[in-house]
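Notes follow once the structure below has been shown.
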Amino acid sequence: MNISNLKPVPAGRVIRGGSFSWVLPYRAGLVSLVLISITLVLFIYALMAGETSLNPVQVFKSLTGSADWATNLLVGEVRLPRAVAAWSAGAALGLSGAMLQAITRNRLASPDILGVNDGATFMVMIMVMFAASPVVGEWRISCGGALLAFSILMLLSRNVGSHGHRMLVIGIGVSQLFRSVNELMLSRGHIQHATAVYVWSIGSFVGRGFEHALPAMFGLLICVPWALSLQRHINLFSFDETIASGCGVSVKSVKLQTIFVAVLSAGLGLSVGGPLAFLALAAPIAVSRLVRSSKVAVVGSLLTGGLLALGGDLAGRMLLAPIELPVGVVCRIFGGLFLLLLLVLPKRNAG
Amino acid sequence: MLAMAAVFAAAFGVILSGCKPAASEVPEVGNSDVQKTRIVIDAFGNEVEVPEHPKRVLALSEVDLDAMLALGETPFGASAGRGQETFPRYLLDQTEGIELMGALYRPSFERVIGARPDLILCGGWMDDGVEKKLRKIAPVVRTYRVDDGWRTALQNVAAALNLQDQAEAFEQAYAERVASIQAELGDSLQQTASIIRWNPKGPAFMHADSFARKITGDLGLGIPEGQDVEGPAHSKTISFENLNLIDADWVFLGTLTGEGDAQRSFDAARSNPAFAQLKAVKSGQVVVVDGSMWTSSGGPIAALQLVEEIHGALK
Amino acid sequence: MKILFVILGLLTACIISLGVGGGSVSLLHVFDYLSGRPLGDDPEYVEMVLVSIRLPRTLGAILVGTCFGLAGALLQTVTRNRLAETDLLGINGGAALGVVIGLTFFGAETVSGYMGWSFGGALFGTMLVVAIAGRGGITIPPLRLVLTGLAIASTVQGVIGFILLQNQNSLDQFRFWVLGSLAGVTLDGIMASLPGTLIGILIVIAITRSLGALRLGDDVAKGLGHRPAVTRFAAIAAVTLFTGSAIALTGPVVLLGLIAPYAARYFVQSSMALFFIVSGIMGASVLLLADSVSRIIVRPYESPVSVVVVLIGAPLLIHIARSPKQLSSLNS
């Protein structure tokens, strides 16, 4: 699935000024705009919908704090923080997926398939079992777990990329290994630990809010500009590594930076509401179909990831109301089906 | 020091409520005079400002619900029993009119806000994020820690509701009942008892600080050798080869299966050769019990009911 | 000659399985029991442990191990993919989902009660694999097939998670079952699983020759008078029977179908029949040893055997995936 997209026509308008030239990606811009508007609509809907449904006027009033007590609380303390948490988790995961897929040149690479989720769960469990006053799913823990899992994977698969599906299957192996070590530790630990870790590992935004979203948001503030600065170099890779190094790019450094950004943002995304399977996989693929370009789309993937998480959480809340379906379960079911479709349907934009 | 802190917190609370225009939005608008408040210290050491006479109380754990009912109060809303779709099975005859607030540990915020509570009682384990949100809605009293007994829960619930006298009366009644049973049964309480959860892959026994273990302790029933493990929950699944670990003069066998069909699991257990060798089985001293009450955490009413069940079995 | 080693290995594993456990009954007791000597202080207990606990467990491990070993060997032969295995392809997940549905909504409680659900689920899983693999013919790239299995497995996992969440009190009942454990296996359960397994073995015997011919390609096989489509269908049916029977008895045992054929290839080079036999025996031996480890690892408590198998299987999976030679050599 190596991408060497050599379309003669650039997907945008070329702006030139002296020695400076820049491809203005108008299609990508358009897609971003559309994504932002859908996200906004969904966001407002998420504030309106629920067991007590509100109208837009009430929502607006409550955002300014001038609605009645219950509405203010419902929006300000429950629905808004939860929507923000969901969006930031999804955005971080989307970004992570985009970077990973680009650097491995593999459409199916995503942190969860590569074992990052189970690595993070492993760290969370160690924390729960051995810390004096454990906080399940703190961002440092899940980032540490993500880094650990990915380091093992890199050691095992030697060179990242150009291995097709090999790295993914090795990732599945690493996942399995983490999972069984987790189970082994759980079977030696206390039942309460088992419950706490199990609840975390499902993935849910119930009771999650600004304080949980904050690390991810802050991380995004660092990761997004970083990713954008790497974006052009990564796109050069998609032609050829030798060309890239010919253009004065230190291939190794860019790769390492990209992986670091990817793993960091995956860990941050996980920390908000637990692992969400396949979100990081789906977001960049959806964007590349929309933009009709196989270039790495940092902003687009981020927006799509946020949109998907927000939508997934909303679906989990609404589909079987009043029973609530955790977003992690929604992601597994629909994400699994999505991956299945992706594997079964004929490829359109593979090089 | 504590008193000073309490005074300070009270003052702070007054200032806060004074500068909050939303104070007039407190439910029960008909009640024009501003509700008086008190400070209570909960099981986690939090100082909570609660209304003098709370009217819309939510009991967000089965023990809180149990304790409130034991005090003769009916909460406005409560959460479902552990793993059940509605209130704990053993309380169902007393829960009419109480609104369901969602699953245990996962209350529905929409419903909680809709209930406009003026006090929330929730003991046991609670997710940090959920707890913080609940505090925004109404004062939250964390009534007991996971390994506290029902007495602590009852006392803290009573303190929050300002019903200490009723709590004392209940404890008195409980103590009297235990004493009368002890007088009646005498030496037959000098035996050991196992409390187990049956599972086709092997049973688990209740640890020494668990709810049911504390009740058997009150009555004087002993813990079999090897089961004296600290902890509020149950052990891991025991290997069938080590089933003698759960042997005792009496075995109380419960399951958590949906409808509490413990009899079926007893039949399954009896077909197990290792189980059939236990001396309690041979002497016919295995008692099938409702696992949802015996092998999770229960409140005062459950405690009294357990005492009666043990009495019924041993007499 | 080598096959002798394999059989000797199985016997050793059986003896270890009989001689190791959470209780105080040791290997010496096994020999005493077999030779009819007195059984120490508490002969009743020793006999109960040996006959009523360890013997069913040992027989159960042999049955389930054989099932997963054979299912793996069949799948690897049909798909020409050394990573093909019931768990990696999502078939285990399908069967587990079937049983969870039966347990939760239809009150299935015994092995014979699970059986129908397990078969149904396994069938669903295999049908999905066939539908997907069928699109690309049998040449669907090995690693891609595994990813397809992952997609199926995690969709199924999501559905199981959903069911468990709605029925939390079943959670700890399911925990052991979903992970696969041989604790509590009874002779009744084994008898319930036996028919499906035996039919599966008969099918394997019937199609071994055809499968051998298929290795040479469909055209050659047709020329030799075999019907490739029928053979594949029969193989899939056998895989369904094996997976369904095994999972109803113990729950899914992950990656065993990967380990057994891999080990079998060390002993068998060319003979298709021997490859299947040794794969079955290897599956049984590995499961016996893994179960023995799982009994003593948290004595006196139980730990799920599947976890121990994964500790062997996952590194093997990584190893196979890492070496292109392993994947590309398509024989057997």
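Letters for chains follow the order of the structure tokens (A, B, ...), residue numbers begin at 1 for each chain, and ligand numbers begin at 1 in the order shown.
If we count only C-alpha atoms, these residues of chain A sit within 7 Å of chain C: A:Ser157, A:His165, A:Arg166, A:Val169, A:Ile170, A:Gly173, A:Val174, A:Gln176, A:Leu177, A:Ser180, A:Glu183, A:Leu184, A:Ser187, A:Arg188, A:Val329, A:Arg332, A:Ile333, A:Gly336, A:Leu337, A:Leu339, A:Leu340, A:Leu343, A:Val344.
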Contact set, chain B to chain C: 10 Å, only C-alpha atoms, as a PyMOL selection string: chain B and resi 82-85+103+198-204+235-245+255-258+264-265+268+271-274+277+292
Chain A contacts on chain B, only C-alpha atoms, 12 Å, as a PDB file with C-alpha atoms, in the first residue's frame:
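This went into result.pdb:
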```pdb
ATOM      1  CA  LYS B  20     -24.862  33.516  44.431  1.00  0.00           C
ATOM      2  CA  PRO B  21     -27.944  34.958  42.798  1.00  0.00           C
ATOM      3  CA  ALA B  22     -28.910  31.417  41.859  1.00  0.00           C
ATOM      4  CA  ALA B  23     -29.699  30.725  45.488  1.00  0.00           C
ATOM      5  CA  SER B  24     -33.234  31.875  44.896  1.00  0.00           C
ATOM      6  CA  GLU B  25     -33.468  29.230  42.192  1.00  0.00           C
ATOM      7  CA  VAL B  26     -33.232  26.443  44.715  1.00  0.00           C
ATOM      8  CA  PRO B  27     -36.145  24.050  44.206  1.00  0.00           C
ATOM      9  CA  GLU B  85     -32.189  -3.150  36.297  1.00  0.00           C
ATOM     10  CA  LEU B 100     -34.740   5.366  39.418  1.00  0.00           C
ATOM     11  CA  MET B 101     -31.568   7.392  38.925  1.00  0.00           C
ATOM     12  CA  GLY B 102     -29.702   4.936  36.732  1.00  0.00           C
ATOM     13  CA  ALA B 103     -27.186   2.192  37.375  1.00  0.00           C
ATOM     14  CA  TYR B 105     -21.920   4.115  40.137  1.00  0.00           C
ATOM     15  CA  ARG B 106     -23.218   5.394  36.805  1.00  0.00           C
ATOM     16  CA  PRO B 107     -26.084   7.687  37.709  1.00  0.00           C
ATOM     17  CA  SER B 108     -27.836   9.423  34.872  1.00  0.00           C
ATOM     18  CA  PHE B 109     -26.936  13.089  35.259  1.00  0.00           C
ATOM     19  CA  GLU B 110     -29.970  14.045  33.247  1.00  0.00           C
ATOM     20  CA  ARG B 111     -32.235  12.391  35.783  1.00  0.00           C
ATOM     21  CA  VAL B 112     -30.242  13.580  38.765  1.00  0.00           C
ATOM     22  CA  ILE B 113     -30.556  17.177  37.627  1.00  0.00           C
ATOM     23  CA  GLY B 114     -34.196  16.621  36.730  1.00  0.00           C
ATOM     24  CA  ALA B 115     -34.807  15.469  40.288  1.00  0.00           C
ATOM     25  CA  ARG B 116     -33.548  18.831  41.628  1.00  0.00           C
ATOM     26  CA  PRO B 117     -32.130  17.187  44.740  1.00  0.00           C
ATOM     27  CA  GLY B 124     -18.638   3.180  48.355  1.00  0.00           C
ATOM     28  CA  TRP B 125     -16.677   3.497  45.176  1.00  0.00           C
ATOM     29  CA  MET B 126     -17.367   6.447  42.941  1.00  0.00           C
ATOM     30  CA  ASP B 127     -15.544   7.710  39.896  1.00  0.00           C
ATOM     31  CA  ASP B 128     -13.784  11.010  40.600  1.00  0.00           C
ATOM     32  CA  GLY B 129     -15.246  12.745  37.594  1.00  0.00           C
ATOM     33  CA  VAL B 130     -18.774  11.615  38.419  1.00  0.00           C
ATOM     34  CA  GLU B 131     -18.398  12.722  42.015  1.00  0.00           C
ATOM     35  CA  LYS B 132     -17.197  16.190  41.060  1.00  0.00           C
ATOM     36  CA  LYS B 133     -20.167  16.634  38.766  1.00  0.00           C
ATOM     37  CA  LEU B 134     -22.591  15.503  41.445  1.00  0.00           C
ATOM     38  CA  ARG B 135     -21.151  18.109  43.790  1.00  0.00           C
ATOM     39  CA  LYS B 136     -22.090  20.797  41.314  1.00  0.00           C
ATOM     40  CA  ILE B 137     -25.691  19.657  41.470  1.00  0.00           C
ATOM     41  CA  ALA B 138     -26.235  19.281  45.210  1.00  0.00           C
ATOM     42  CA  VAL B 146     -15.816   0.432  50.556  1.00  0.00           C
ATOM     43  CA  ASP B 147     -14.553  -1.475  53.575  1.00  0.00           C
ATOM     44  CA  ALA B 204     -15.066 -17.787  45.719  1.00  0.00           C
ATOM     45  CA  MET B 206     -16.225 -13.689  51.052  1.00  0.00           C
ATOM     46  CA  HIS B 207     -13.307 -11.943  52.698  1.00  0.00           C
ATOM     47  CA  VAL B 229      -8.242 -12.831  54.521  1.00  0.00           C
ATOM     48  CA  GLU B 230      -8.628  -9.099  54.949  1.00  0.00           C
ATOM     49  CA  GLY B 231     -10.714  -7.275  52.412  1.00  0.00           C
ATOM     50  CA  PRO B 232     -14.251  -6.101  51.734  1.00  0.00           C
ATOM     51  CA  ALA B 233     -15.009  -8.234  48.668  1.00  0.00           C
ATOM     52  CA  HIS B 234     -14.677 -11.861  47.683  1.00  0.00           C
ATOM     53  CA  SER B 235     -11.661 -13.988  46.880  1.00  0.00           C
ATOM     54  CA  LYS B 236     -10.599 -15.093  43.459  1.00  0.00           C
ATOM     55  CA  THR B 237     -11.986 -18.319  42.089  1.00  0.00           C
ATOM     56  CA  ILE B 238     -10.708 -21.269  44.087  1.00  0.00           C
TER      57      ILE B 238
END
```
Among the residues A:Leu314, A:Val251, A:Met99, A:Ala120, the one that comes closest to Gln231 in chain A [using only C-alpha atoms]: A:Met99
All alpha helix (DSSP H) positions in range 157-213 of chain B, as an NGL selection string: :B and (157-161 or 164-185 or 211-213)
Residues near Glu184 in chain B, cut-off 12 Å, only C-alpha atoms, skip fewer than 5 positions along chain, as a VMD selection string: chain B and resid 177 to 179 189 219 311 to 312 314 to 315
Emit the selected residues as an mmCIF file, in the first residue's frame, including all heavy atoms.
```cif
data_model
loop_
_atom_site.group_PDB
_atom_site.id
_atom_site.type_symbol
_atom_site.label_atom_id
_atom_site.label_comp_id
_atom_site.auth_asym_id
_atom_site.auth_seq_id
_atom_site.Cartn_x
_atom_site.Cartn_y
_atom_site.Cartn_z
ATOM 1 N N ARG B 177 -31.980 -8.018 68.806
ATOM 2 C CA ARG B 177 -32.338 -9.207 68.032
ATOM 3 C C ARG B 177 -31.171 -10.199 68.037
ATOM 4 O O ARG B 177 -31.366 -11.399 68.234
ATOM 5 C CB ARG B 177 -32.686 -8.795 66.597
ATOM 6 C CG ARG B 177 -33.178 -9.919 65.728
ATOM 7 C CD ARG B 177 -34.507 -10.477 66.224
ATOM 8 N NE ARG B 177 -34.846 -11.708 65.515
ATOM 9 C CZ ARG B 177 -35.234 -12.836 66.101
ATOM 10 N NH1 ARG B 177 -35.347 -12.897 67.407
ATOM 11 N NH2 ARG B 177 -35.522 -13.903 65.399
ATOM 12 N N VAL B 178 -29.960 -9.672 67.834
ATOM 13 C CA VAL B 178 -28.780 -10.539 67.850
ATOM 14 C C VAL B 178 -28.656 -11.214 69.209
ATOM 15 O O VAL B 178 -28.422 -12.437 69.294
ATOM 16 C CB VAL B 178 -27.498 -9.724 67.526
ATOM 17 C CG1 VAL B 178 -26.249 -10.528 67.849
ATOM 18 C CG2 VAL B 178 -27.497 -9.316 66.062
ATOM 19 N N ALA B 179 -28.864 -10.435 70.277
ATOM 20 C CA ALA B 179 -28.734 -10.994 71.630
ATOM 21 C C ALA B 179 -29.775 -12.092 71.847
ATOM 22 O O ALA B 179 -29.467 -13.154 72.410
ATOM 23 C CB ALA B 179 -28.881 -9.892 72.667
ATOM 24 N N LEU B 189 -24.036 -21.487 67.877
ATOM 25 C CA LEU B 189 -23.359 -20.377 67.210
ATOM 26 C C LEU B 189 -21.844 -20.486 67.347
ATOM 27 O O LEU B 189 -21.108 -19.666 66.840
ATOM 28 C CB LEU B 189 -23.832 -19.045 67.794
ATOM 29 C CG LEU B 189 -25.234 -18.625 67.336
ATOM 30 C CD1 LEU B 189 -25.706 -17.425 68.116
ATOM 31 C CD2 LEU B 189 -25.255 -18.336 65.850
ATOM 32 N N LEU B 219 -22.986 -12.438 65.206
ATOM 33 C CA LEU B 219 -23.676 -13.553 65.847
ATOM 34 C C LEU B 219 -22.719 -14.493 66.561
ATOM 35 O O LEU B 219 -23.132 -15.294 67.379
ATOM 36 C CB LEU B 219 -24.476 -14.334 64.808
ATOM 37 C CG LEU B 219 -25.784 -13.671 64.362
ATOM 38 C CD1 LEU B 219 -26.330 -14.342 63.132
ATOM 39 C CD2 LEU B 219 -26.811 -13.717 65.493
ATOM 40 N N HIS B 311 -30.651 -17.221 61.523
ATOM 41 C CA HIS B 311 -31.451 -17.776 62.609
ATOM 42 C C HIS B 311 -32.333 -18.900 62.079
ATOM 43 O O HIS B 311 -32.386 -20.005 62.636
ATOM 44 C CB HIS B 311 -32.296 -16.670 63.234
ATOM 45 C CG HIS B 311 -33.267 -17.165 64.272
ATOM 46 N ND1 HIS B 311 -34.608 -16.950 64.196
ATOM 47 C CD2 HIS B 311 -33.066 -17.900 65.393
ATOM 48 C CE1 HIS B 311 -35.211 -17.516 65.225
ATOM 49 N NE2 HIS B 311 -34.289 -18.095 65.968
ATOM 50 N N GLY B 312 -33.012 -18.627 60.961
ATOM 51 C CA GLY B 312 -33.894 -19.622 60.367
ATOM 52 C C GLY B 312 -33.154 -20.896 59.998
ATOM 53 O O GLY B 312 -33.684 -22.009 60.133
ATOM 54 N N LEU B 314 -30.202 -22.013 61.330
ATOM 55 C CA LEU B 314 -29.516 -22.705 62.419
ATOM 56 C C LEU B 314 -30.459 -23.252 63.492
ATOM 57 O O LEU B 314 -30.075 -24.107 64.273
ATOM 58 C CB LEU B 314 -28.493 -21.751 63.072
ATOM 59 C CG LEU B 314 -27.053 -21.893 62.569
ATOM 60 C CD1 LEU B 314 -26.970 -21.503 61.106
ATOM 61 C CD2 LEU B 314 -26.115 -21.031 63.385
ATOM 62 N N LYS B 315 -31.661 -22.720 63.548
ATOM 63 C CA LYS B 315 -32.505 -23.086 64.704
ATOM 64 C C LYS B 315 -33.039 -24.528 64.578
ATOM 65 O O LYS B 315 -33.109 -25.060 63.479
ATOM 66 C CB LYS B 315 -33.654 -22.096 64.854
ATOM 67 C CG LYS B 315 -34.801 -22.310 63.869
ATOM 68 C CD LYS B 315 -35.933 -21.337 64.174
ATOM 69 C CE LYS B 315 -36.967 -21.462 63.056
ATOM 70 N NZ LYS B 315 -37.775 -20.296 62.889
#
```
Residues flagged strand (DSSP E or B) by DSSP in range 169-220 of chain B, as a PyMOL selection string: chain B and resi 192-197+204-206
Residue neighbourhood Leu279 in chain A, 7 Å, only C-alpha atoms, exclusion window fewer than 5 positions, as a PyMOL selection string: chain A and resi 93-94+305+331+335
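If you measure from each of A:Ser151, A:Ser288, A:Ser253, A:Ser201 to Gly328 in chain A using only C-alpha atoms, the closest one turns out to be A:Ser201.
Summary of the local environment: counting only C-alpha atoms, residues at most 6 Å from Ala67 in chain B, other than itself and those fewer than 4 positions away along its chain, are Val63, Leu154, Gly299 and Pro300 of chain B.
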Include N, CA and C atoms and write out the residues we just selected as a PDB file, in the first residue's frame.
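So the final result, stored in result.pdb, reads:
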```pdb
ATOM      1  N   VAL B  63     -26.661   0.658  49.607  1.00  0.00           N
ATOM      2  CA  VAL B  63     -26.570   0.776  51.059  1.00  0.00           C
ATOM      3  C   VAL B  63     -27.233   2.068  51.534  1.00  0.00           C
ATOM      4  N   LEU B 154     -24.936   3.686  58.144  1.00  0.00           N
ATOM      5  CA  LEU B 154     -26.175   4.122  58.798  1.00  0.00           C
ATOM      6  C   LEU B 154     -25.927   5.404  59.591  1.00  0.00           C
ATOM      7  N   GLY B 299     -27.033  -2.840  53.463  1.00  0.00           N
ATOM      8  CA  GLY B 299     -27.256  -1.860  54.506  1.00  0.00           C
ATOM      9  C   GLY B 299     -27.912  -2.488  55.723  1.00  0.00           C
ATOM     10  N   PRO B 300     -28.437  -1.648  56.615  1.00  0.00           N
ATOM     11  CA  PRO B 300     -29.020  -2.138  57.861  1.00  0.00           C
ATOM     12  C   PRO B 300     -30.180  -3.119  57.669  1.00  0.00           C
TER      13      PRO B 300
END
```
